[in-house]
Each structure stands twice: as C-alpha cells, then as structure tokens.
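Here is the file input32.pdb (PDB, C-alpha atoms, pLDDT in the B column).
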ATOM      1  CA  MET A   1     -24.535  15.575  -0.549  1.00 57.00           C
ATOM      2  CA  THR A   2     -24.922  17.445   2.683  1.00 54.00           C
ATOM      3  CA  GLY A   3     -22.839  20.268   4.044  1.00 51.00           C
ATOM      4  CA  ILE A   4     -20.742  21.045   0.977  1.00 54.00           C
ATOM      5  CA  THR A   5     -21.741  23.199  -1.938  1.00 60.00           C
ATOM      6  CA  GLY A   6     -20.025  23.479  -5.283  1.00 63.00           C
ATOM      7  CA  ALA A   7     -18.478  20.024  -4.918  1.00 76.00           C
ATOM      8  CA  GLN A   8     -20.437  18.259  -7.631  1.00 79.00           C
ATOM      9  CA  GLN A   9     -17.463  18.159 -10.004  1.00 88.00           C
ATOM     10  CA  SER A  10     -15.420  16.184  -7.500  1.00 93.00           C
ATOM     11  CA  LEU A  11     -18.079  13.602  -6.682  1.00 96.00           C
ATOM     12  CA  VAL A  12     -17.182   9.923  -6.896  1.00 97.00           C
ATOM     13  CA  GLU A  13     -19.741   7.289  -5.995  1.00 97.00           C
ATOM     14  CA  ILE A  14     -19.551   3.518  -5.729  1.00 97.00           C
ATOM     15  CA  ARG A  15     -21.988   0.890  -4.565  1.00 97.00           C
ATOM     16  CA  VAL A  16     -20.849  -2.335  -2.918  1.00 97.00           C
ATOM     17  CA  PRO A  17     -22.763  -5.379  -1.670  1.00 96.00           C
ATOM     18  CA  ASN A  18     -23.231  -5.568   2.115  1.00 95.00           C
ATOM     19  CA  GLN A  19     -20.513  -8.221   2.311  1.00 95.00           C
ATOM     20  CA  PRO A  20     -17.350  -7.728   4.400  1.00 95.00           C
ATOM     21  CA  GLU A  21     -15.124  -8.937   1.564  1.00 95.00           C
ATOM     22  CA  PHE A  22     -15.805  -5.584  -0.136  1.00 97.00           C
ATOM     23  CA  LEU A  23     -14.403  -3.513   2.727  1.00 96.00           C
ATOM     24  CA  ARG A  24     -11.002  -3.522   1.076  1.00 95.00           C
ATOM     25  CA  VAL A  25     -12.546  -2.087  -2.083  1.00 97.00           C
ATOM     26  CA  VAL A  26     -13.887   0.768   0.023  1.00 98.00           C
ATOM     27  CA  ARG A  27     -10.477   1.356   1.615  1.00 97.00           C
ATOM     28  CA  LEU A  28      -8.889   1.432  -1.840  1.00 97.00           C
ATOM     29  CA  LEU A  29     -11.421   4.078  -2.843  1.00 98.00           C
ATOM     30  CA  VAL A  30     -10.450   6.181   0.182  1.00 98.00           C
ATOM     31  CA  SER A  31      -6.715   5.976  -0.449  1.00 97.00           C
ATOM     32  CA  GLY A  32      -7.134   6.516  -4.182  1.00 97.00           C
ATOM     33  CA  TYR A  33      -9.416   9.506  -3.777  1.00 97.00           C
ATOM     34  CA  MET A  34      -7.288  11.128  -1.073  1.00 97.00           C
ATOM     35  CA  SER A  35      -4.060  10.642  -3.030  1.00 96.00           C
ATOM     36  CA  ARG A  36      -5.153  13.587  -5.214  1.00 93.00           C
ATOM     37  CA  LEU A  37      -5.427  15.858  -2.204  1.00 95.00           C
ATOM     38  CA  PRO A  38      -2.929  17.368   0.260  1.00 94.00           C
ATOM     39  CA  PHE A  39      -3.182  14.736   2.991  1.00 95.00           C
ATOM     40  CA  ASN A  40      -0.309  12.811   4.533  1.00 94.00           C
ATOM     41  CA  ILE A  41      -0.224   9.039   4.906  1.00 93.00           C
ATOM     42  CA  GLU A  42      -1.381   9.099   8.523  1.00 93.00           C
ATOM     43  CA  GLU A  43      -4.404  11.207   7.636  1.00 95.00           C
ATOM     44  CA  VAL A  44      -5.281   8.869   4.777  1.00 96.00           C
ATOM     45  CA  GLU A  45      -4.999   5.867   7.092  1.00 95.00           C
ATOM     46  CA  ASN A  46      -7.215   7.549   9.683  1.00 95.00           C
ATOM     47  CA  VAL A  47      -9.923   8.271   7.123  1.00 97.00           C
ATOM     48  CA  LYS A  48      -9.654   4.687   5.851  1.00 97.00           C
ATOM     49  CA  VAL A  49     -10.389   3.457   9.377  1.00 97.00           C
ATOM     50  CA  ALA A  50     -13.320   5.843   9.824  1.00 97.00           C
ATOM     51  CA  VAL A  51     -14.985   5.056   6.482  1.00 98.00           C
ATOM     52  CA  SER A  52     -14.397   1.345   6.942  1.00 97.00           C
ATOM     53  CA  GLU A  53     -15.958   1.515  10.424  1.00 96.00           C
ATOM     54  CA  ALA A  54     -19.048   3.223   9.009  1.00 96.00           C
ATOM     55  CA  CYS A  55     -19.312   0.379   6.490  1.00 96.00           C
ATOM     56  CA  ASN A  56     -18.760  -2.177   9.284  1.00 95.00           C
ATOM     57  CA  ASN A  57     -21.682  -0.756  11.225  1.00 93.00           C
ATOM     58  CA  ALA A  58     -23.927  -0.838   8.174  1.00 93.00           C
ATOM     59  CA  MET A  59     -22.930  -4.401   7.244  1.00 94.00           C
ATOM     60  CA  GLN A  60     -23.381  -5.712  10.780  1.00 91.00           C
ATOM     61  CA  TYR A  61     -26.459  -3.881  11.999  1.00 89.00           C
ATOM     62  CA  ALA A  62     -28.480  -2.435   9.121  1.00 90.00           C
ATOM     63  CA  PHE A  63     -29.614  -5.705   7.631  1.00 90.00           C
ATOM     64  CA  ALA A  64     -31.227  -8.914   8.785  1.00 88.00           C
ATOM     65  CA  PRO A  65     -28.895 -11.948   8.802  1.00 86.00           C
ATOM     66  CA  ASP A  66     -28.315 -13.186   5.228  1.00 87.00           C
ATOM     67  CA  GLU A  67     -30.277 -10.236   3.809  1.00 90.00           C
ATOM     68  CA  GLN A  68     -28.797  -9.002   0.543  1.00 91.00           C
ATOM     69  CA  GLY A  69     -28.344  -5.268   0.427  1.00 92.00           C
ATOM     70  CA  SER A  70     -25.894  -2.639  -0.630  1.00 94.00           C
ATOM     71  CA  LEU A  71     -23.948   0.315   0.619  1.00 96.00           C
ATOM     72  CA  THR A  72     -23.340   3.474  -1.364  1.00 97.00           C
ATOM     73  CA  ILE A  73     -20.129   5.355  -0.686  1.00 98.00           C
ATOM     74  CA  ARG A  74     -19.860   8.892  -1.982  1.00 97.00           C
ATOM     75  CA  CYS A  75     -16.884  11.172  -1.658  1.00 97.00           C
ATOM     76  CA  TRP A  76     -16.436  14.757  -2.665  1.00 96.00           C
ATOM     77  CA  HIS A  77     -14.558  17.851  -1.627  1.00 95.00           C
ATOM     78  CA  ASP A  78     -14.448  21.576  -1.982  1.00 92.00           C
ATOM     79  CA  ARG A  79     -11.676  24.010  -1.068  1.00 90.00           C
ATOM     80  CA  ASP A  80     -12.252  23.586   2.664  1.00 92.00           C
ATOM     81  CA  ARG A  81     -13.056  19.992   3.352  1.00 95.00           C
ATOM     82  CA  LEU A  82     -13.340  16.442   2.179  1.00 97.00           C
ATOM     83  CA  ALA A  83     -16.452  14.349   2.736  1.00 97.00           C
ATOM     84  CA  PHE A  84     -17.146  10.626   2.731  1.00 98.00           C
ATOM     85  CA  GLU A  85     -20.731   9.469   2.995  1.00 98.00           C
ATOM     86  CA  VAL A  86     -21.841   5.883   3.666  1.00 97.00           C
ATOM     87  CA  SER A  87     -25.515   5.089   3.043  1.00 96.00           C
ATOM     88  CA  ASP A  88     -27.192   1.739   3.457  1.00 93.00           C
ATOM     89  CA  THR A  89     -30.518   0.408   2.279  1.00 87.00           C
ATOM     90  CA  GLY A  90     -31.176  -1.319   5.583  1.00 83.00           C
ATOM     91  CA  LYS A  91     -33.715  -0.992   8.342  1.00 77.00           C
ATOM     92  CA  GLY A  92     -32.496   2.355   9.702  1.00 70.00           C
ATOM     93  CA  PHE A  93     -33.448   3.558  13.165  1.00 65.00           C
ATOM     94  CA  ASP A  94     -35.325   6.375  14.795  1.00 60.00           C
ATOM     95  CA  ALA A  95     -32.630   8.979  15.360  1.00 59.00           C
ATOM     96  CA  SER A  96     -34.930  10.841  17.742  1.00 58.00           C
ATOM     97  CA  ASP A  97     -35.203   8.008  20.263  1.00 55.00           C
ATOM     98  CA  GLY A  98     -31.570   8.005  21.340  1.00 49.00           C
ATOM     99  CA  ALA A  99     -30.726   4.829  19.458  1.00 49.00           C
ATOM    100  CA  ALA A 100     -27.775   6.357  17.643  1.00 51.00           C
ATOM    101  CA  PRO A 101     -24.564   4.378  18.033  1.00 51.00           C
ATOM    102  CA  ASP A 102     -23.006   6.755  20.522  1.00 46.00           C
ATOM    103  CA  SER A 103     -21.958   4.278  23.179  1.00 45.00           C
ATOM    104  CA  ALA A 104     -18.538   2.698  23.493  1.00 44.00           C
ATOM    105  CA  ASP A 105     -20.030  -0.192  25.444  1.00 49.00           C
ATOM    106  CA  ASP A 106     -19.913  -2.592  22.524  1.00 63.00           C
ATOM    107  CA  GLU A 107     -18.132  -3.110  19.236  1.00 65.00           C
ATOM    108  CA  ARG A 108     -20.535  -0.815  17.414  1.00 67.00           C
ATOM    109  CA  GLY A 109     -19.814   1.905  19.931  1.00 81.00           C
ATOM    110  CA  LEU A 110     -16.089   1.273  19.596  1.00 89.00           C
ATOM    111  CA  GLY A 111     -16.343   1.758  15.842  1.00 93.00           C
ATOM    112  CA  PHE A 112     -18.345   4.943  16.169  1.00 92.00           C
ATOM    113  CA  LEU A 113     -15.895   6.265  18.753  1.00 94.00           C
ATOM    114  CA  LEU A 114     -13.112   5.775  16.190  1.00 96.00           C
ATOM    115  CA  ILE A 115     -15.155   7.570  13.518  1.00 97.00           C
ATOM    116  CA  GLN A 116     -15.845  10.534  15.781  1.00 96.00           C
ATOM    117  CA  THR A 117     -12.233  10.791  16.922  1.00 96.00           C
ATOM    118  CA  LEU A 118     -10.543  10.359  13.559  1.00 97.00           C
ATOM    119  CA  MET A 119     -12.805  12.702  11.582  1.00 97.00           C
ATOM    120  CA  ASP A 120     -13.418  16.418  12.112  1.00 97.00           C
ATOM    121  CA  ASP A 121     -17.194  16.284  11.854  1.00 97.00           C
ATOM    122  CA  VAL A 122     -19.722  13.448  11.660  1.00 97.00           C
ATOM    123  CA  GLN A 123     -23.416  13.585  10.827  1.00 96.00           C
ATOM    124  CA  VAL A 124     -25.806  10.649  11.124  1.00 94.00           C
ATOM    125  CA  SER A 125     -29.252  10.644   9.604  1.00 92.00           C
ATOM    126  CA  ALA A 126     -31.631   7.737   9.808  1.00 85.00           C
ATOM    127  CA  GLN A 127     -35.278   6.853   9.793  1.00 78.00           C
ATOM    128  CA  PRO A 128     -36.894   3.473  10.328  1.00 78.00           C
ATOM    129  CA  GLY A 129     -37.270   1.663   7.028  1.00 76.00           C
ATOM    130  CA  THR A 130     -35.220   4.033   4.925  1.00 80.00           C
ATOM    131  CA  GLY A 131     -31.662   3.184   5.916  1.00 88.00           C
ATOM    132  CA  THR A 132     -28.927   5.161   7.572  1.00 92.00           C
ATOM    133  CA  THR A 133     -26.495   7.720   6.199  1.00 95.00           C
ATOM    134  CA  VAL A 134     -23.242   8.603   7.937  1.00 96.00           C
ATOM    135  CA  THR A 135     -21.431  11.630   6.535  1.00 97.00           C
ATOM    136  CA  MET A 136     -17.873  12.270   7.691  1.00 98.00           C
ATOM    137  CA  PHE A 137     -15.802  15.368   7.051  1.00 98.00           C
ATOM    138  CA  LYS A 138     -12.079  16.087   7.150  1.00 97.00           C
ATOM    139  CA  SER A 139     -10.726  19.598   6.844  1.00 96.00           C
ATOM    140  CA  LEU A 140      -8.403  20.373   3.984  1.00 92.00           C
ATOM    141  CA  LYS A 141      -5.320  22.242   5.073  1.00 73.00           C
ATOM    142  CA  GLY A 142      -4.666  25.602   3.506  1.00 52.00           C
TER     143      GLY A 142
ATOM    144  CA  MET B   1      -5.339 -11.151   0.977  1.00 53.00           C
ATOM    145  CA  ASP B   2      -6.214 -13.425   3.859  1.00 83.00           C
ATOM    146  CA  LEU B   3      -4.455 -13.365   7.182  1.00 94.00           C
ATOM    147  CA  SER B   4      -1.474 -15.633   7.660  1.00 95.00           C
ATOM    148  CA  PHE B   5      -0.057 -16.931  10.907  1.00 96.00           C
ATOM    149  CA  ASP B   6       3.391 -18.047  12.006  1.00 96.00           C
ATOM    150  CA  ILE B   7       3.019 -19.916  15.274  1.00 95.00           C
ATOM    151  CA  SER B   8       6.032 -21.026  17.317  1.00 94.00           C
ATOM    152  CA  LYS B   9       6.031 -22.750  20.677  1.00 91.00           C
ATOM    153  CA  LYS B  10       8.634 -21.636  23.196  1.00 89.00           C
ATOM    154  CA  ASP B  11       9.398 -23.026  26.644  1.00 84.00           C
ATOM    155  CA  ASN B  12       6.539 -21.407  28.482  1.00 88.00           C
ATOM    156  CA  HIS B  13       4.631 -19.429  25.887  1.00 92.00           C
ATOM    157  CA  ILE B  14       3.416 -19.325  22.296  1.00 95.00           C
ATOM    158  CA  VAL B  15       4.448 -16.658  19.807  1.00 96.00           C
ATOM    159  CA  MET B  16       1.816 -16.015  17.163  1.00 96.00           C
ATOM    160  CA  ALA B  17       2.904 -13.664  14.378  1.00 97.00           C
ATOM    161  CA  VAL B  18       0.017 -12.315  12.311  1.00 97.00           C
ATOM    162  CA  THR B  19       0.372 -10.889   8.800  1.00 97.00           C
ATOM    163  CA  GLY B  20      -2.325  -9.079   6.841  1.00 96.00           C
ATOM    164  CA  GLU B  21      -5.318  -6.855   7.502  1.00 95.00           C
ATOM    165  CA  ILE B  22      -7.620  -7.597  10.446  1.00 96.00           C
ATOM    166  CA  ASP B  23     -11.115  -6.442   9.610  1.00 95.00           C
ATOM    167  CA  LEU B  24     -14.703  -7.637   9.654  1.00 95.00           C
ATOM    168  CA  TYR B  25     -13.895  -9.982   6.763  1.00 95.00           C
ATOM    169  CA  SER B  26     -10.763 -11.627   8.160  1.00 95.00           C
ATOM    170  CA  VAL B  27     -11.477 -11.502  11.885  1.00 94.00           C
ATOM    171  CA  LYS B  28     -13.162 -14.910  11.913  1.00 93.00           C
ATOM    172  CA  GLN B  29      -9.930 -16.428  10.615  1.00 94.00           C
ATOM    173  CA  LEU B  30      -7.996 -14.862  13.504  1.00 95.00           C
ATOM    174  CA  LYS B  31     -10.509 -16.062  16.065  1.00 94.00           C
ATOM    175  CA  GLU B  32     -10.422 -19.639  14.760  1.00 94.00           C
ATOM    176  CA  SER B  33      -6.630 -19.811  14.666  1.00 94.00           C
ATOM    177  CA  VAL B  34      -6.192 -18.438  18.174  1.00 94.00           C
ATOM    178  CA  THR B  35      -8.941 -20.662  19.552  1.00 93.00           C
ATOM    179  CA  GLN B  36      -7.089 -23.705  18.194  1.00 92.00           C
ATOM    180  CA  VAL B  37      -3.893 -22.585  19.900  1.00 91.00           C
ATOM    181  CA  ILE B  38      -5.612 -21.862  23.219  1.00 91.00           C
ATOM    182  CA  GLU B  39      -7.408 -25.202  23.257  1.00 89.00           C
ATOM    183  CA  GLN B  40      -4.114 -27.069  22.861  1.00 87.00           C
ATOM    184  CA  GLU B  41      -2.448 -25.344  25.800  1.00 83.00           C
ATOM    185  CA  ARG B  42      -2.863 -26.015  29.504  1.00 83.00           C
ATOM    186  CA  GLU B  43      -1.818 -22.469  30.303  1.00 84.00           C
ATOM    187  CA  ALA B  44      -2.506 -20.072  27.466  1.00 86.00           C
ATOM    188  CA  ARG B  45       0.397 -17.643  27.522  1.00 92.00           C
ATOM    189  CA  ILE B  46       0.358 -16.028  24.107  1.00 95.00           C
ATOM    190  CA  ILE B  47       2.477 -13.307  22.576  1.00 96.00           C
ATOM    191  CA  MET B  48       0.700 -11.960  19.513  1.00 97.00           C
ATOM    192  CA  ASP B  49       3.077 -10.180  17.158  1.00 98.00           C
ATOM    193  CA  LEU B  50       1.143  -7.586  15.153  1.00 98.00           C
ATOM    194  CA  ASN B  51       4.165  -5.922  13.555  1.00 97.00           C
ATOM    195  CA  ASN B  52       3.118  -7.198  10.124  1.00 97.00           C
ATOM    196  CA  VAL B  53      -0.511  -6.189  10.521  1.00 96.00           C
ATOM    197  CA  LYS B  54      -1.151  -3.260   8.205  1.00 92.00           C
ATOM    198  CA  TYR B  55      -4.699  -2.553   9.287  1.00 94.00           C
ATOM    199  CA  ILE B  56      -6.948  -3.368  12.246  1.00 95.00           C
ATOM    200  CA  ASP B  57     -10.501  -2.194  12.891  1.00 94.00           C
ATOM    201  CA  SER B  58     -12.909  -2.276  15.824  1.00 95.00           C
ATOM    202  CA  THR B  59     -13.921  -5.863  15.136  1.00 95.00           C
ATOM    203  CA  GLY B  60     -10.243  -6.836  15.388  1.00 95.00           C
ATOM    204  CA  LEU B  61      -9.894  -4.900  18.645  1.00 95.00           C
ATOM    205  CA  GLY B  62     -13.031  -6.611  19.924  1.00 94.00           C
ATOM    206  CA  ILE B  63     -11.654 -10.040  19.107  1.00 94.00           C
ATOM    207  CA  LEU B  64      -8.395  -9.244  20.920  1.00 96.00           C
ATOM    208  CA  ILE B  65     -10.423  -8.448  24.044  1.00 95.00           C
ATOM    209  CA  GLY B  66     -12.126 -11.831  23.703  1.00 94.00           C
ATOM    210  CA  ILE B  67      -8.799 -13.611  23.225  1.00 95.00           C
ATOM    211  CA  LYS B  68      -7.383 -11.925  26.309  1.00 95.00           C
ATOM    212  CA  ARG B  69     -10.370 -13.156  28.291  1.00 94.00           C
ATOM    213  CA  ARG B  70      -9.965 -16.714  26.964  1.00 93.00           C
ATOM    214  CA  CYS B  71      -6.282 -16.720  27.891  1.00 93.00           C
ATOM    215  CA  ALA B  72      -7.099 -15.555  31.419  1.00 93.00           C
ATOM    216  CA  GLU B  73      -9.657 -18.338  31.746  1.00 92.00           C
ATOM    217  CA  LYS B  74      -6.868 -20.819  31.013  1.00 88.00           C
ATOM    218  CA  ALA B  75      -4.507 -19.385  33.607  1.00 87.00           C
ATOM    219  CA  GLY B  76      -2.637 -17.543  30.891  1.00 91.00           C
ATOM    220  CA  GLU B  77      -2.122 -14.135  29.446  1.00 93.00           C
ATOM    221  CA  LEU B  78      -2.149 -12.327  26.111  1.00 96.00           C
ATOM    222  CA  SER B  79       0.631  -9.886  25.325  1.00 97.00           C
ATOM    223  CA  LEU B  80       0.614  -7.774  22.175  1.00 98.00           C
ATOM    224  CA  VAL B  81       3.629  -6.679  20.160  1.00 98.00           C
ATOM    225  CA  PHE B  82       3.577  -3.785  17.727  1.00 97.00           C
ATOM    226  CA  ASP B  83       5.699  -0.779  16.908  1.00 96.00           C
ATOM    227  CA  SER B  84       3.213   0.988  14.658  1.00 94.00           C
ATOM    228  CA  GLU B  85       2.112   4.458  15.756  1.00 93.00           C
ATOM    229  CA  ARG B  86      -0.963   4.014  13.604  1.00 92.00           C
ATOM    230  CA  ILE B  87      -2.118   0.944  15.537  1.00 95.00           C
ATOM    231  CA  ALA B  88      -1.027   2.486  18.847  1.00 96.00           C
ATOM    232  CA  ASN B  89      -3.269   5.454  18.073  1.00 95.00           C
ATOM    233  CA  LEU B  90      -6.317   3.186  17.762  1.00 95.00           C
ATOM    234  CA  PHE B  91      -5.517   1.568  21.124  1.00 96.00           C
ATOM    235  CA  ASN B  92      -5.131   5.007  22.700  1.00 96.00           C
ATOM    236  CA  ILE B  93      -8.406   6.332  21.280  1.00 95.00           C
ATOM    237  CA  THR B  94     -10.354   3.331  22.548  1.00 94.00           C
ATOM    238  CA  GLY B  95      -8.551   3.185  25.895  1.00 94.00           C
ATOM    239  CA  LEU B  96      -7.357  -0.337  25.170  1.00 95.00           C
ATOM    240  CA  HIS B  97      -3.730   0.639  25.790  1.00 95.00           C
ATOM    241  CA  ASN B  98      -4.716   0.387  29.460  1.00 95.00           C
ATOM    242  CA  VAL B  99      -6.196  -3.085  28.992  1.00 95.00           C
ATOM    243  CA  PHE B 100      -3.390  -4.939  27.207  1.00 96.00           C
ATOM    244  CA  ALA B 101       0.255  -5.560  27.953  1.00 96.00           C
ATOM    245  CA  ILE B 102       1.865  -3.999  24.870  1.00 97.00           C
ATOM    246  CA  TYR B 103       5.515  -4.326  23.830  1.00 97.00           C
ATOM    247  CA  LYS B 104       7.556  -3.121  20.879  1.00 96.00           C
ATOM    248  CA  THR B 105       9.376  -6.420  20.309  1.00 96.00           C
ATOM    249  CA  VAL B 106       8.708 -10.103  20.871  1.00 96.00           C
ATOM    250  CA  ASP B 107      11.883 -10.342  22.973  1.00 94.00           C
ATOM    251  CA  GLU B 108      10.599  -7.677  25.352  1.00 95.00           C
ATOM    252  CA  ALA B 109       7.290  -9.506  25.712  1.00 95.00           C
ATOM    253  CA  ALA B 110       9.009 -12.881  26.158  1.00 93.00           C
ATOM    254  CA  ALA B 111      11.225 -11.512  28.928  1.00 92.00           C
ATOM    255  CA  LYS B 112       8.098 -11.016  30.996  1.00 85.00           C
ATOM    256  CA  PHE B 113       7.356 -14.739  30.820  1.00 80.00           C
ATOM    257  CA  GLN B 114      10.825 -15.799  31.974  1.00 75.00           C
TER     258      GLN B 114
END
Just give me the structure of the file as structure tokens.
Amino acid sequence: MTGITGAQQSLVEIRVPNQPEFLRVVRLLVSGYMSRLPFNIEEVENVKVAVSEACNNAMQYAFAPDEQGSLTIRCWHDRDRLAFEVSDTGKGFDASDGAAPDSADDERGLGFLLIQTLMDDVQVSAQPGTGTTVTMFKSLKG
Amino acid sequence: MDLSFDISKKDNHIVMAVTGEIDLYSVKQLKESVTQVIEQEREARIIMDLNNVKYIDSTGLGILIGIKRRCAEKAGELSLVFDSERIANLFNITGLHNVFAIYKTVDEAAAKFQ
C-alpha cells in the first residue's frame, strides 16, 4: 500500500487469474467497493474503466502467451482518497529506460491514457522479473 | 454475459445493434461478427448501434478503428450510434470523436446513406 496511511482497516484484496473472463469480476469489485463511499455513478464507471484498463495491460503484456499467472487487486481508502492497485506476477520492465506505457500510439497507450485521464493520480512501479504495480488514486469529496 | 448482435440489412447499408459489454474478453466476438458482415458485402456501409452497450474499453475502441479501416477498404464506411455520455467521454479523451462519424440515433446515421 503506497501513498495512504491509516487505511489498513479498509483494505480489500482479491487475486484473479490472468484471463480476460475475470475482468468483470474486477469491475464488480470496483462498483461494490465504491458503493460504500460518496461517489456518483459516473465516477464509479470511470474508476471501473481505469482499473479494468490496468488489468487489460497486465493480461496482455505482462505474461508470455499461454503463461498462467495472476493479478492482485487491492483497494483501500482513507478520509482523503481512494486507491486501487493492480499488481501482476509477470515479466515487468525497467521503469528507468523509458519503457513505461506512456504513449497513445497503440492500444496499450490508449488504455494508459484513459487511466491517467480518469484518475486523479497514477503511480507505476516495475522492475524486470518482478512484475508491475499500477496504483491509481481518486480523491474523496469532502 | 456475452455480446449479442441484431443485424438487419437495409437498402444500401447494414445496421448492426450490439448489446453487452465490449472488453478484452468479448472483443474477439465483435471482431468475428463484423468480419462476417463485411465479407458478405460488396460495399461495407455499416451503422453500428452501441446504445445497448453498457461498457467499452480500449480494446473495444481499438477494434472499432480496425473495423472502420476494413469498411473503407471495401468502399464503405462505419458510422457509430450512441447517446451515452459515458461512452462519449471515452471517445473524447482518446480523440476518437474526431475519427468516427457519430450519431445519436440510427435514423440520423441512416439519413447520411440516403
């Protein structure tokens, strides 16, 4: 859990196989978790898109074809903001060599553009061989 | 829930109404169905009605770009129909609202083909 302190009591964590059929399970987690908090439907839908896109990227690019792996989705909040974190057990990448998915030139870039636009803050951490973690934050309104 | 399609042939175009959620899991189904339709037509003029699509992600947007290209290759065109602000927002963020002909109703889109 990065960036939020005192949020341990609100932590929910699930692990899903790296198979696209489980994306809907992830979206159900997002809508279920956010239903407890003061967000409107549009905000919930936006976060669903962002979290689902992070999972898309992991499922499509973190693993070799037909490789079995898993994604861990954690969500938590404190008084100020909500966080969703998607971690994979895939090949990762060297975040220092500019390989982060920051280009809108392809589908991966399109997905990351949506994540960056729909969330208030996004952090990506990755290292070769240890997987990638994308942490996305949404401010909670006063 | 898988995607479902209601395909109807009009005088000079095809209306393809899609129902469901278009994501990484279901996008292959969309691609296969549209490819079948395009292959059967001499001129691929397609109106895709997305008013019953509750969710679309970047893989769905990517496939729509591919479908538009395929239609153009067959002397046709792809028009999209949706009235959802949620979906419109995704097109605006990605700049794709400038790429596609987008209408609120099938009738509006069909009028363009008359």
Closest atom pairs, residues of chain B within 6 Å of chain A, all atoms listed in the file, as a tab-separated table:
residue	atom	partner	partner_atom	distance
B:Leu24	CA	A:Pro20	CA	5.9
B:Tyr25	CA	A:Pro20	CA	4.8
B:Ser58	CA	A:Gly111	CA	5.3
Dump of C-alpha atoms for the selected residues, as a tab-separated table (two decimals), in the frame of the given file:
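Final output, saved to again-v6.tsv:
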chain	number	residue	atom	x	y	z
B	24	LEU	CA	-14.70	-7.64	9.65
B	25	TYR	CA	-13.90	-9.98	6.76
B	58	SER	CA	-12.91	-2.28	15.82
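Atom pair atom CA of Lys68 of chain B / atom CA of Asp2 of chain B: separated by 22.5 Å.
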Using all atoms listed in the file, can you list as a short mmCIF file (atom, residue, chain, number, x, y, z; two decimals) with C-alpha atoms, in the coordinates of the input the residues within 12 Å of (-29.9, -11.8, 1.5)?
data_model
loop_
_atom_site.label_atom_id
_atom_site.label_comp_id
_atom_site.auth_asym_id
_atom_site.auth_seq_id
_atom_site.Cartn_x
_atom_site.Cartn_y
_atom_site.Cartn_z
CA PRO A 17 -22.76 -5.38 -1.67
CA ASN A 18 -23.23 -5.57 2.12
CA GLN A 19 -20.51 -8.22 2.31
CA MET A 59 -22.93 -4.40 7.24
CA PHE A 63 -29.61 -5.70 7.63
CA ALA A 64 -31.23 -8.91 8.78
CA PRO A 65 -28.90 -11.95 8.80
CA ASP A 66 -28.32 -13.19 5.23
CA GLU A 67 -30.28 -10.24 3.81
CA GLN A 68 -28.80 -9.00 0.54
CA GLY A 69 -28.34 -5.27 0.43
CA SER A 70 -25.89 -2.64 -0.63
CA GLY A 90 -31.18 -1.32 5.58
#
Which residue, B:Ala17, B:Ala88, B:Ala110, B:Ile46, has the smallest gap to Leu61 of chain B when you use all atoms listed in the file? B:Ala88
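If you apply the PyMOL selection byres ((chain B and resi 52) around 8) to this structure, you end up with Ala17, Val18, Thr19, Gly20, Asp49, Leu50, Asn51, Val53 and Lys54 of chain B.
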Selection in question (the file shown): the PyMOL selection byres ((chain A and resi 39) around 12). Which residues does it include, as a list in words? Val30, Ser31, Gly32, Tyr33, Met34, Ser35, Arg36, Leu37, Pro38, Asn40, Ile41, Glu42, Glu43, Val44, Glu45, Asn46, Val47, Arg81, Leu82, Lys138, Ser139, Leu140, Lys141 and Gly142 of chain A
Shell around segment 121-134 of chain A at 8 Å using only C-alpha atoms, local window under 6 positions removed, as an mmCIF file with C-alpha atoms, keeping the file's coordinate frame:
data_model
loop_
_atom_site.group_PDB
_atom_site.id
_atom_site.type_symbol
_atom_site.label_atom_id
_atom_site.label_comp_id
_atom_site.auth_asym_id
_atom_site.auth_seq_id
_atom_site.Cartn_x
_atom_site.Cartn_y
_atom_site.Cartn_z
ATOM 1 C CA ALA A 54 -19.048 3.223 9.009
ATOM 2 C CA ALA A 58 -23.927 -0.838 8.174
ATOM 3 C CA ALA A 62 -28.480 -2.435 9.121
ATOM 4 C CA GLU A 85 -20.731 9.469 2.995
ATOM 5 C CA VAL A 86 -21.841 5.883 3.666
ATOM 6 C CA SER A 87 -25.515 5.089 3.043
ATOM 7 C CA ASP A 88 -27.192 1.739 3.457
ATOM 8 C CA THR A 89 -30.518 0.408 2.279
ATOM 9 C CA GLY A 90 -31.176 -1.319 5.583
ATOM 10 C CA LYS A 91 -33.715 -0.992 8.342
ATOM 11 C CA GLY A 92 -32.496 2.355 9.702
ATOM 12 C CA PHE A 93 -33.448 3.558 13.165
ATOM 13 C CA ASP A 94 -35.325 6.375 14.795
ATOM 14 C CA ALA A 95 -32.630 8.979 15.360
ATOM 15 C CA ILE A 115 -15.155 7.570 13.518
#
Which residues come within 10 Å of Asp78 of chain A, counting all atoms listed in the file, excluding same-chain residues fewer than 2 positions away, as a PyMOL selection string? chain A and resi 4-11+76+80-83+139-140
Using C-alpha atoms, can you export the residues from the last selection as a PDB file, in the coordinates of the input?
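Result went into part_16.pdb, see below:
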ATOM      1  CA  ILE A   4     -20.742  21.045   0.977  1.00 54.00           C
ATOM      2  CA  THR A   5     -21.741  23.199  -1.938  1.00 60.00           C
ATOM      3  CA  GLY A   6     -20.025  23.479  -5.283  1.00 63.00           C
ATOM      4  CA  ALA A   7     -18.478  20.024  -4.918  1.00 76.00           C
ATOM      5  CA  GLN A   8     -20.437  18.259  -7.631  1.00 79.00           C
ATOM      6  CA  GLN A   9     -17.463  18.159 -10.004  1.00 88.00           C
ATOM      7  CA  SER A  10     -15.420  16.184  -7.500  1.00 93.00           C
ATOM      8  CA  LEU A  11     -18.079  13.602  -6.682  1.00 96.00           C
ATOM      9  CA  TRP A  76     -16.436  14.757  -2.665  1.00 96.00           C
ATOM     10  CA  ASP A  80     -12.252  23.586   2.664  1.00 92.00           C
ATOM     11  CA  ARG A  81     -13.056  19.992   3.352  1.00 95.00           C
ATOM     12  CA  LEU A  82     -13.340  16.442   2.179  1.00 97.00           C
ATOM     13  CA  ALA A  83     -16.452  14.349   2.736  1.00 97.00           C
ATOM     14  CA  SER A 139     -10.726  19.598   6.844  1.00 96.00           C
ATOM     15  CA  LEU A 140      -8.403  20.373   3.984  1.00 92.00           C
TER      16      LEU A 140
END
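Here atom CA of Lys9 of chain B is placed at a distance of 14.7 Å from atom CA of Ser79 of chain B.
Across the structure, atom CA of Gln36 of chain B and atom CA of Ile87 of chain B are spaced 25.3 Å apart.
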Edge lengths and centre, in Å to one decimal, as AutoDock Vina command-line options: that's what I need for the box along x, y and z that holds all listed atoms of segment 6-23 of chain B plus 5 Å on each side.
--center_x -0.9 --center_y -14.7 --center_z 17.7 --size_x 30.5 --size_y 26.6 --size_z 31.6
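Nearest-residue note for Glu13 of chain A: choosing from A:Thr135, A:Val25, A:Phe84, A:Ile73, the minimum distance belongs to A:Ile73, counting all atoms listed in the file.
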Could you tell me, as a ChimeraX atom specification, exactly which residues end up selected when the PyMOL selection byres ((chain B and resi 69) around 12) is applied to this structure? /B:35,38,44-46,62-68,70-79,99-100
